[in-house]
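Here is the structure we will look at.
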Amino acid sequence: MNPESGASAPPLNARADWTVDQRWSAYTPQEHAVWVRLYERQSALLPGRACEPFLRGLEALDLHGQGIPDFAAMNAKLGALTGWQVVAVPGLVPDAVFFDHLANRRFPAGRFIRKPDQLDYLEEPDVFHDVFGHVPMLTDPVFADYMQAYGRGGMRAMSLGRLHNLARLYWYTVEFGLLETPQGLRIYGAGIISSLKESVFSLEDPSPNRLGFELVRVMRTPNRIDDLQQVYFVLPSLQRLLDDTLQDFGPIYRRLADLPDIPIEAIEPDDRVFTRGTQAYATSGGRLART
Ligand code: HBI
Ligand code: FE
């Protein structure tokens, strides 16, 4: 999150709400080919790893990997399912703009796609992360309501000076969340599902902690934006996430003001532990140690 982002104005080619036309017909064959490569890599990993609502969403939206989806066609299907729409934006948008879109059931998605020599490195969310990663879950009615509730809560968190706490909730759910199912843990977080390495690491590596989701606990846990996660939080159900988020966050924010952050690798006495991670990946230096 850019601390100055609240002050900036939209780029000249964007509307006041930071949206732009997707200009689907302007994508080059090379750009479509990047989508196809990413799609094929990720979809091979999804069976037995992605949660059912995600897989159903991918089917329902007909995101079959022929190329970068045309938002207009995708929105017709998405809108009929949950009333959500995807709008194109140039890149990261200011927090207040982001929250306003979510509160109105619009998901801002990057329009550009990463370069073929940077398949695993992203500075800003591109169309593959935003559409492949995020949009399938928006076909689930419960998750769709959660995202809207999150957007509504965003402005309040900003005015109360607790945006850093609310942003952690987004991080550890929408981006890096795991779901408990009778078949085992499954991915629903877009940051995981759009990443080759993390789709395997999040579920199968002995390094990270995997802990039961608790709202306040999550909001006390810092996150890392530059590497594979040290901790994942496991939801018992998507309904639990929605229910927790529909409560009044005022008292929670007052409690958080008096509670210290929890170190990222810590396991607390009250935590429900799915995996006590070795933290081997993080303590060996993570990304920095790799050549
Ligand atoms: N902009 N395009 C875009 N995508 C995001 O995920 C995003 C953003 N602006 C702000 C923002 N996220 C944060 O407010 C949330 O992650 C909390
Ligand atoms: Fe994202």
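Ligands are numbered from 1 in the order shown, chains are lettered A, B, ... in the order of the structure tokens, and residues start at 1 in each chain.
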Within 12 Å of stretch 183-194 of chain A: each stretch 88-145 of chain A residue with its shortest pair, only C-alpha atoms, as CSV:
```
residue,atom,partner,partner_atom,distance
A:Leu119,CA,A:Ser194,CA,10.6
A:Asp120,CA,A:Ser194,CA,9.5
A:Tyr121,CA,A:Ser194,CA,11.3
A:Leu122,CA,A:Gly191,CA,11.0
A:Glu124,CA,A:Gly191,CA,11.9
A:Pro125,CA,A:Gly191,CA,9.6
A:Asp126,CA,A:Ser194,CA,10.5
A:Val127,CA,A:Ser194,CA,10.5
A:Phe128,CA,A:Ser194,CA,7.3
A:His129,CA,A:Ser194,CA,5.5
A:Asp130,CA,A:Ala190,CA,7.7
A:Val131,CA,A:Ala190,CA,9.1
A:Phe132,CA,A:Ser194,CA,6.8
A:Gly133,CA,A:Ala190,CA,4.1
A:His134,CA,A:Ala190,CA,5.2
A:Val135,CA,A:Ala190,CA,8.7
A:Pro136,CA,A:Ala190,CA,9.3
A:Met137,CA,A:Tyr188,CA,7.4
A:Leu138,CA,A:Tyr188,CA,10.9
A:Asp140,CA,A:Tyr188,CA,11.2
A:Phe143,CA,A:Tyr188,CA,10.0
```
Need the shell around A:Glu180: protein/DNA/RNA residues with any atom at most 12 Å away, counting only C-alpha atoms. Skip same-chain ones fewer than 2 positions apart. Format as a ChimeraX atom specification? /A:49-52,177-178,182-188,203,210-213,232-238,240,274
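Proximity ranking of A:Ala280, A:Gly154, A:Tyr146, A:Ser159 relative to A:Thr173 places A:Tyr146 first, based on only C-alpha atoms.
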Could you give me, as a tab-separated table, every chain A residue with an atom at most 9 Å from ligand 1, plus its closest atom pair and distance in Å to one decimal, counting only C-alpha atoms and all ligand atoms, rows ordered by chain then number?
```
residue	atom	partner	partner_atom_place_in_ligand_line	distance
A:Met1	CA	ligand 1	13 (C)	6.0
A:Asn2	CA	ligand 1	10 (C)	8.0
A:Ser5	CA	ligand 1	10 (C)	8.2
A:Ala88	CA	ligand 1	2 (N)	8.7
A:Val89	CA	ligand 1	2 (N)	6.4
A:Pro90	CA	ligand 1	2 (N)	7.5
A:Gly91	CA	ligand 1	2 (N)	5.0
A:Leu92	CA	ligand 1	1 (N)	3.6
A:Val93	CA	ligand 1	1 (N)	4.0
A:Pro94	CA	ligand 1	9 (N)	5.0
A:Asp95	CA	ligand 1	14 (O)	4.0
A:Ala96	CA	ligand 1	14 (O)	7.3
A:Val97	CA	ligand 1	9 (N)	7.4
A:Phe98	CA	ligand 1	9 (N)	5.1
A:Phe99	CA	ligand 1	14 (O)	6.8
A:Phe107	CA	ligand 1	4 (N)	8.5
A:Pro108	CA	ligand 1	2 (N)	5.5
A:Ala109	CA	ligand 1	2 (N)	5.8
A:Gly110	CA	ligand 1	2 (N)	6.0
A:Glu124	CA	ligand 1	2 (N)	7.7
A:Pro125	CA	ligand 1	4 (N)	6.3
A:Asp126	CA	ligand 1	2 (N)	8.5
A:Asp130	CA	ligand 1	4 (N)	7.8
A:Gly151	CA	ligand 1	17 (C)	8.9
A:Gly154	CA	ligand 1	17 (C)	7.7
A:Leu163	CA	ligand 1	17 (C)	7.6
A:His164	CA	ligand 1	17 (C)	8.1
A:Leu166	CA	ligand 1	17 (C)	7.0
A:Ala167	CA	ligand 1	17 (C)	4.2
A:Arg168	CA	ligand 1	17 (C)	7.5
A:Leu169	CA	ligand 1	17 (C)	8.2
A:Tyr170	CA	ligand 1	17 (C)	5.9
A:Trp171	CA	ligand 1	16 (O)	6.8
A:Glu175	CA	ligand 1	16 (O)	8.7
```
For stretch 18-32 of chain A, please output as a PyMOL selection string all residues within 6 Å (counting only C-alpha atoms; exclusion window: fewer than 4 positions along the same chain). chain A and resi 10+14+67-68+70+88-89+111
Write a file of the just-selected residues containing N, CA, C and O atoms, as a PDB file, in the first residue's frame.
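again.pdb, written as the output of this step:
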```pdb
ATOM      1  N   PRO A  10      -6.317  10.381 -10.623  1.00  0.00           N
ATOM      2  CA  PRO A  10      -6.235   9.335 -11.643  1.00  0.00           C
ATOM      3  C   PRO A  10      -5.345   9.780 -12.814  1.00  0.00           C
ATOM      4  O   PRO A  10      -5.236  10.971 -13.087  1.00  0.00           O
ATOM      5  N   ALA A  14      -7.597   7.865 -17.454  1.00  0.00           N
ATOM      6  CA  ALA A  14      -8.582   7.178 -16.623  1.00  0.00           C
ATOM      7  C   ALA A  14      -9.724   8.105 -16.219  1.00  0.00           C
ATOM      8  O   ALA A  14      -9.578   9.328 -16.205  1.00  0.00           O
ATOM      9  N   GLY A  67      -7.178 -17.287 -23.880  1.00  0.00           N
ATOM     10  CA  GLY A  67      -6.479 -16.010 -23.924  1.00  0.00           C
ATOM     11  C   GLY A  67      -7.060 -15.095 -22.862  1.00  0.00           C
ATOM     12  O   GLY A  67      -7.927 -15.516 -22.087  1.00  0.00           O
ATOM     13  N   ILE A  68      -6.590 -13.862 -22.827  1.00  0.00           N
ATOM     14  CA  ILE A  68      -7.063 -12.890 -21.834  1.00  0.00           C
ATOM     15  C   ILE A  68      -8.572 -12.716 -22.005  1.00  0.00           C
ATOM     16  O   ILE A  68      -9.046 -12.447 -23.113  1.00  0.00           O
ATOM     17  N   ASP A  70     -12.323 -11.330 -22.208  1.00  0.00           N
ATOM     18  CA  ASP A  70     -12.989 -10.063 -22.515  1.00  0.00           C
ATOM     19  C   ASP A  70     -13.914  -9.757 -21.331  1.00  0.00           C
ATOM     20  O   ASP A  70     -14.844 -10.516 -21.045  1.00  0.00           O
ATOM     21  N   ALA A  88     -11.817  -2.391 -15.384  1.00  0.00           N
ATOM     22  CA  ALA A  88     -10.383  -2.305 -15.663  1.00  0.00           C
ATOM     23  C   ALA A  88      -9.801  -1.048 -15.030  1.00  0.00           C
ATOM     24  O   ALA A  88     -10.415   0.014 -15.048  1.00  0.00           O
ATOM     25  N   VAL A  89      -8.613  -1.208 -14.422  1.00  0.00           N
ATOM     26  CA  VAL A  89      -7.870  -0.069 -13.860  1.00  0.00           C
ATOM     27  C   VAL A  89      -6.418  -0.168 -14.363  1.00  0.00           C
ATOM     28  O   VAL A  89      -5.971  -1.245 -14.748  1.00  0.00           O
ATOM     29  N   ARG A 111      -5.361  -4.214 -16.218  1.00  0.00           N
ATOM     30  CA  ARG A 111      -5.669  -4.545 -17.605  1.00  0.00           C
ATOM     31  C   ARG A 111      -4.448  -5.130 -18.312  1.00  0.00           C
ATOM     32  O   ARG A 111      -4.561  -5.911 -19.255  1.00  0.00           O
TER      33      ARG A 111
END
```
Nearest-residue call for A:Arg156, choices A:Glu59, A:Pro53, A:Ser284, A:Ala103, using only C-alpha atoms: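 Under the stated criterion, the closest residue is A:Ala103.
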Among stretch 13-223 of chain A, which residues carry a DSSP assignment of strand (DSSP E or B), reported as a list in words?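 For stretch 13-223 of chain A, the strand (DSSP E or B) set is Val20, Ala50, Gln85, Val86, Val87, Ala88, Val89, Arg106, Phe107, Pro108, Ala109, Gly110, Leu178, Leu179, Glu180, Thr181, Gly184, Leu185, Arg186, Ile187, Asn209, Arg210, Leu211 and Gly212 of chain A.
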Residues within 12 Å of A:Ala282, please, as a ChimeraX atom specification. Count only C-alpha atoms; anything in the same chain fewer than 6 positions from it doesn't count. /A:205-209,224,226-231,264-265,288-290
Out of A:Arg276, A:Gln247, A:Ser195, A:Leu259, which residue has the shortest atom-to-atom distance to ligand 2 when counting only C-alpha atoms and all ligand atoms?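 Comparing A:Arg276, A:Gln247, A:Ser195, A:Leu259 against ligand 2, the winner is A:Ser195.
Taking only C-alpha atoms and all ligand atoms into account, ligand 2 lies nearest to A:Ile225 out of the set A:Val142, A:Glu214, A:Ile225, A:Gln85.
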For each of A:Asp145, A:Asp17, A:Asp100, A:Glu123, take the minimum atom-to-atom distance to ligand 2, counting only C-alpha atoms and all ligand atoms, then give the residue where this is smallest. A:Glu123
